[in-house]
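> Supplied in structure tokens, the structure appears directly below.
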Amino acid sequence: MSAFRRIGELTIAHLINDIYAPVLMALQPVLITIYGYGYFEAALLPVVHSLTSSLLQPLFGYLADNKGIKVSIGISILLSGIGVSLLGLIPDQYYIMLLCVTLSGIGHASFHPGALCQVSILATGSSRGKLTSLFVVGGNMGMALGPIIAGIILTTGGVPQVIWLIIPAVATALFLHINPLADSCNIKQENTSEGEENWRPVMLLFTGATLRSWVTFGAMTFLPTYLVLEGYSLLEATTLVSIMMIAGVAGQLSGGALSDRIGRKKVIVITTLASIPAFIAILLTHGLFLIISMMIFGFLLWSSFSVTIALSHEMIPSKIGLISGLFLGIAMGAGAIGVSISGAVADMAGLYTSLETFPVILAISVIIFMLVKSPSVHSSQD
């Protein structure tokens, strides 16, 4: 089986696994306006999901690297889907909802390290950025489709209909049980000397990506409510957020391929910096200009995500599972504490004021990215 086809299979599995977390964002306006939850209470649901995922992914990565212990992809997807789908049955049972979200976060966490371990083996040399982006795009497509699907369900049948989202998870898990993906991930797959693995630039990269995640996850969480308050219908708001994320998919593919040519760090710094005025434009425009601003913002901010993962793999090649757990934990989680802070700020000072802090957070992440020293293999490019 070719590397492209195997990564294609992993990409589809990634899409299904990541389709559920965005449902929590689409629920925000309904929980706030219909069920009476505050911004902080509503935002805590996706935050708990993200924290569970981000904290457990490095653990699952460590187990994959050192013990060869990996949860099957099918089981991971099943947990992700069941945890979110059950919210349709208990929208007025807040603490049980938190438990279900935690279950989904565990499934989300267990999926990524093992899958990315295989991707790292298959995506080597000059194609690493492109092939890693292809896998990551699967998750982005899931995150893009999630709000659209949730918006349709919520506007046609309300929160109780969310239970039907269990079907894709069960169907995918059953398919993978019958046609399992081959496991090509070896324990400690690439060993290098201690002198070649410098954790300082990785931690800087991690910090910058965490701040970028704060804005990424915050935009997904709060923009639907912001748009509803601006006069858009719930379906229009969730669709616009999905359009933004679909633009992010195009950014992922473009950023990954470009990083193979001009260097990872250049792509990360330039695209993150350029996303700042695009987000400001979202807050200042309406109609067509707002849609264009959201598309540009999604394209730019998401374009550096898979590039960050590829660069981290090149920095610490002997700990792919652990590194993948750290950085894909960031994707939906390590910045979640910041999102809860943004929710608290929105409760105290208003949602618009909270969103105004996002450009500042991005500016700090750009400064940190600029301090990252790339591996010697790319130093000439960066």
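Ligands are numbered from 1 in the order shown, residues from 1 within each chain, and chains are lettered A, B, ... in the order they appear in the structure tokens.
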Write out as a ChimeraX atom specification each polymer residue whose atoms come within 8 Å of stretch 235-251 of chain A, counting only C-alpha atoms; drop sequence neighbours fewer than 3 positions from it.
/A:26,137,140-141,143-148,151-152,155,220,223-225,227-228,232,254-255,291,294-304
> Tell me which protein, DNA and RNA residues are within 7 Å of stretch 75-83 of chain A, counting only C-alpha atoms, leaving out same-chain ones fewer than 6 positions away, and put them as a ChimeraX atom specification.
/A:17,20,100-101,103-105,107-108,110-111,166,169-170,173
> Could you check which of A:Ile16, A:Val215, A:Thr285, A:Leu86 is closest to A:Thr357, using only C-alpha atoms?
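Of A:Ile16, A:Val215, A:Thr285, A:Leu86, the one nearest A:Thr357 is A:Val215, counting only C-alpha atoms.
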> Please list as a VMD selection string every residue within 12 Å of A:Ser50, counting only C-alpha atoms and excluding residues in the same chain fewer than 6 positions away.
chain A and resid 18 20 to 22 24 to 25 43 to 44 56 to 57 80 98 101 to 109 210 213 to 214 217 to 218 221 328 to 340
> Write to file, as a compact mmCIF listing (two decimals), in the first residue's frame, the residues of the selection just made, with N, CA and C atoms.

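Result written to out20.txt:
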```txt
# COMPACT_ATOMS: atom_id res chain seq x y z
N ASP A 18 -12.52 14.21 14.54
CA ASP A 18 -12.52 15.63 14.90
C ASP A 18 -13.82 16.35 14.56
N TYR A 20 -16.54 16.06 16.13
CA TYR A 20 -17.40 16.20 17.31
C TYR A 20 -17.08 17.41 18.18
N ALA A 21 -15.81 17.75 18.34
CA ALA A 21 -15.47 18.89 19.20
C ALA A 21 -16.15 20.19 18.76
N PRO A 22 -16.22 20.51 17.45
CA PRO A 22 -16.87 21.76 17.04
C PRO A 22 -18.36 21.82 17.37
N LEU A 24 -19.57 21.35 20.15
CA LEU A 24 -19.63 22.07 21.43
C LEU A 24 -19.62 23.58 21.21
N MET A 25 -18.94 24.04 20.15
CA MET A 25 -18.95 25.46 19.84
C MET A 25 -20.31 25.89 19.29
N ALA A 43 -18.88 28.03 27.85
CA ALA A 43 -17.53 27.85 27.31
C ALA A 43 -16.77 26.76 28.04
N LEU A 44 -17.16 26.44 29.28
CA LEU A 44 -16.44 25.43 30.05
C LEU A 44 -16.58 24.04 29.42
N LEU A 56 -3.99 14.61 28.26
CA LEU A 56 -3.82 13.16 28.09
C LEU A 56 -3.04 12.79 26.84
N GLN A 57 -3.03 13.64 25.82
CA GLN A 57 -2.33 13.28 24.59
C GLN A 57 -0.84 13.02 24.80
N SER A 80 -15.05 9.50 21.20
CA SER A 80 -15.26 10.90 20.81
C SER A 80 -16.71 11.17 20.46
N LEU A 98 -20.65 17.64 31.62
CA LEU A 98 -19.20 17.77 31.78
C LEU A 98 -18.51 16.40 31.75
N VAL A 101 -18.46 15.17 28.14
CA VAL A 101 -17.46 15.90 27.38
C VAL A 101 -16.06 15.38 27.71
N THR A 102 -15.84 15.02 28.98
CA THR A 102 -14.56 14.44 29.38
C THR A 102 -14.31 13.11 28.67
N LEU A 103 -15.34 12.27 28.58
CA LEU A 103 -15.23 11.00 27.87
C LEU A 103 -14.84 11.23 26.42
N SER A 104 -15.48 12.20 25.78
CA SER A 104 -15.15 12.51 24.39
C SER A 104 -13.71 13.01 24.28
N GLY A 105 -13.27 13.80 25.26
CA GLY A 105 -11.89 14.29 25.25
C GLY A 105 -10.87 13.17 25.34
N ILE A 106 -11.20 12.12 26.10
CA ILE A 106 -10.30 10.96 26.20
C ILE A 106 -10.17 10.28 24.85
N GLY A 107 -11.30 10.12 24.15
CA GLY A 107 -11.25 9.52 22.82
C GLY A 107 -10.43 10.37 21.86
N HIS A 108 -10.64 11.67 21.92
CA HIS A 108 -9.90 12.60 21.06
C HIS A 108 -8.41 12.51 21.35
N ALA A 109 -8.04 12.43 22.63
CA ALA A 109 -6.64 12.39 23.03
C ALA A 109 -5.95 11.12 22.57
N THR A 210 0.64 27.43 21.67
CA THR A 210 -0.42 27.47 22.68
C THR A 210 -1.19 28.77 22.60
N SER A 213 -3.24 28.74 19.62
CA SER A 213 -4.39 27.87 19.87
C SER A 213 -5.47 28.59 20.66
N TRP A 214 -5.05 29.45 21.58
CA TRP A 214 -6.02 30.24 22.35
C TRP A 214 -6.93 31.02 21.41
N PHE A 217 -8.99 28.43 18.98
CA PHE A 217 -10.09 27.81 19.71
C PHE A 217 -11.10 28.85 20.18
N GLY A 218 -10.59 30.03 20.57
CA GLY A 218 -11.48 31.11 21.00
C GLY A 218 -12.37 31.61 19.87
N THR A 221 -15.06 29.14 19.32
CA THR A 221 -16.00 29.10 20.43
C THR A 221 -16.93 30.29 20.47
N LEU A 328 -0.63 18.26 19.13
CA LEU A 328 -2.04 18.10 18.76
C LEU A 328 -2.95 18.28 19.97
N GLY A 329 -2.37 18.18 21.17
CA GLY A 329 -3.11 18.60 22.35
C GLY A 329 -3.37 20.09 22.28
N ILE A 330 -2.37 20.82 21.78
CA ILE A 330 -2.52 22.26 21.61
C ILE A 330 -3.65 22.57 20.65
N ALA A 331 -3.79 21.75 19.57
CA ALA A 331 -4.76 22.05 18.51
C ALA A 331 -6.13 22.37 19.04
N MET A 332 -6.60 21.56 20.01
CA MET A 332 -7.93 21.83 20.54
C MET A 332 -7.92 22.02 22.06
N GLY A 333 -6.68 22.15 22.64
CA GLY A 333 -6.71 22.09 24.08
C GLY A 333 -5.81 22.92 24.92
N ALA A 334 -4.52 23.01 24.63
CA ALA A 334 -3.62 23.66 25.57
C ALA A 334 -3.96 25.13 25.74
N GLY A 335 -4.57 25.73 24.71
CA GLY A 335 -5.01 27.12 24.83
C GLY A 335 -6.38 27.26 25.45
N ALA A 336 -6.97 26.13 25.89
CA ALA A 336 -8.34 26.18 26.41
C ALA A 336 -8.45 26.94 27.72
N ILE A 337 -7.39 26.93 28.52
CA ILE A 337 -7.42 27.71 29.76
C ILE A 337 -7.59 29.18 29.40
N GLY A 338 -6.89 29.61 28.36
CA GLY A 338 -7.04 30.98 27.91
C GLY A 338 -8.45 31.27 27.44
N VAL A 339 -9.09 30.29 26.78
CA VAL A 339 -10.46 30.48 26.31
C VAL A 339 -11.41 30.66 27.49
N SER A 340 -11.18 29.91 28.56
CA SER A 340 -12.02 30.08 29.75
C SER A 340 -11.84 31.48 30.34
```
> I'd like the interatomic distance between atom CA of A:Val136 and atom CA of A:Pro29, to a tenth of an Å.
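Atom-to-atom, atom CA of A:Val136 to atom CA of A:Pro29, that is 27.8 Å.
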> Pick the closest to A:Gln118 from A:Gly8, A:Gly256, A:Gly343, A:Gly36: which is it, counting only C-alpha atoms?
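Selected residue with least distance to A:Gln118: A:Gly8.
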> Between atom CA of A:Leu290 and atom CA of A:Leu45, what is the spacing in Å?
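Rounded to one decimal, the two atoms are 27.5 Å apart.
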> Could you give me, as number ranges by chain, each residue of stretch 23-213 of chain A that DSSP assigns to helix (DSSP H, G or I) when run on this structure's backbone?
A: 23-26, 28-33, 39-66, 73-89, 94-122, 125-157, 159-178, 194-196, 199-213
> In Å, with one decimal, what is the gap from atom CA of A:Ala209 to atom CA of A:Tyr39?
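About the pair atom CA of A:Ala209 and atom CA of A:Tyr39: they are 24.7 Å apart.
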> Do you know which residues are at most 7 Å from stretch 131-135 of chain A counting only C-alpha atoms, after dropping those on the same chain fewer than 4 positions away, and could you put them as a ChimeraX atom specification?
/A:7,10-11,119,123,127,252-253,256,306,310
> Could you tell me which of A:Leu122, A:Leu288, A:Leu311, A:Ala13 comes closest to A:Ser72 if we count only C-alpha atoms?
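Once distances to A:Ser72 are computed over only C-alpha atoms, the minimum belongs to A:Ala13.
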> Just the residues within 8 Å of stretch 362-372 of chain A, please, counting only C-alpha atoms, with nothing from its chain fewer than 2 positions along; format it as a list in words.
Pro201, Val202, Leu204, Leu205, Thr207, Gly208, Ala209, Leu211, Arg212, Val215, Lys265, Ile268, Val269, Thr272, Leu273, Ile276, Phe358, Pro359, Val360 and Ser374 of chain A
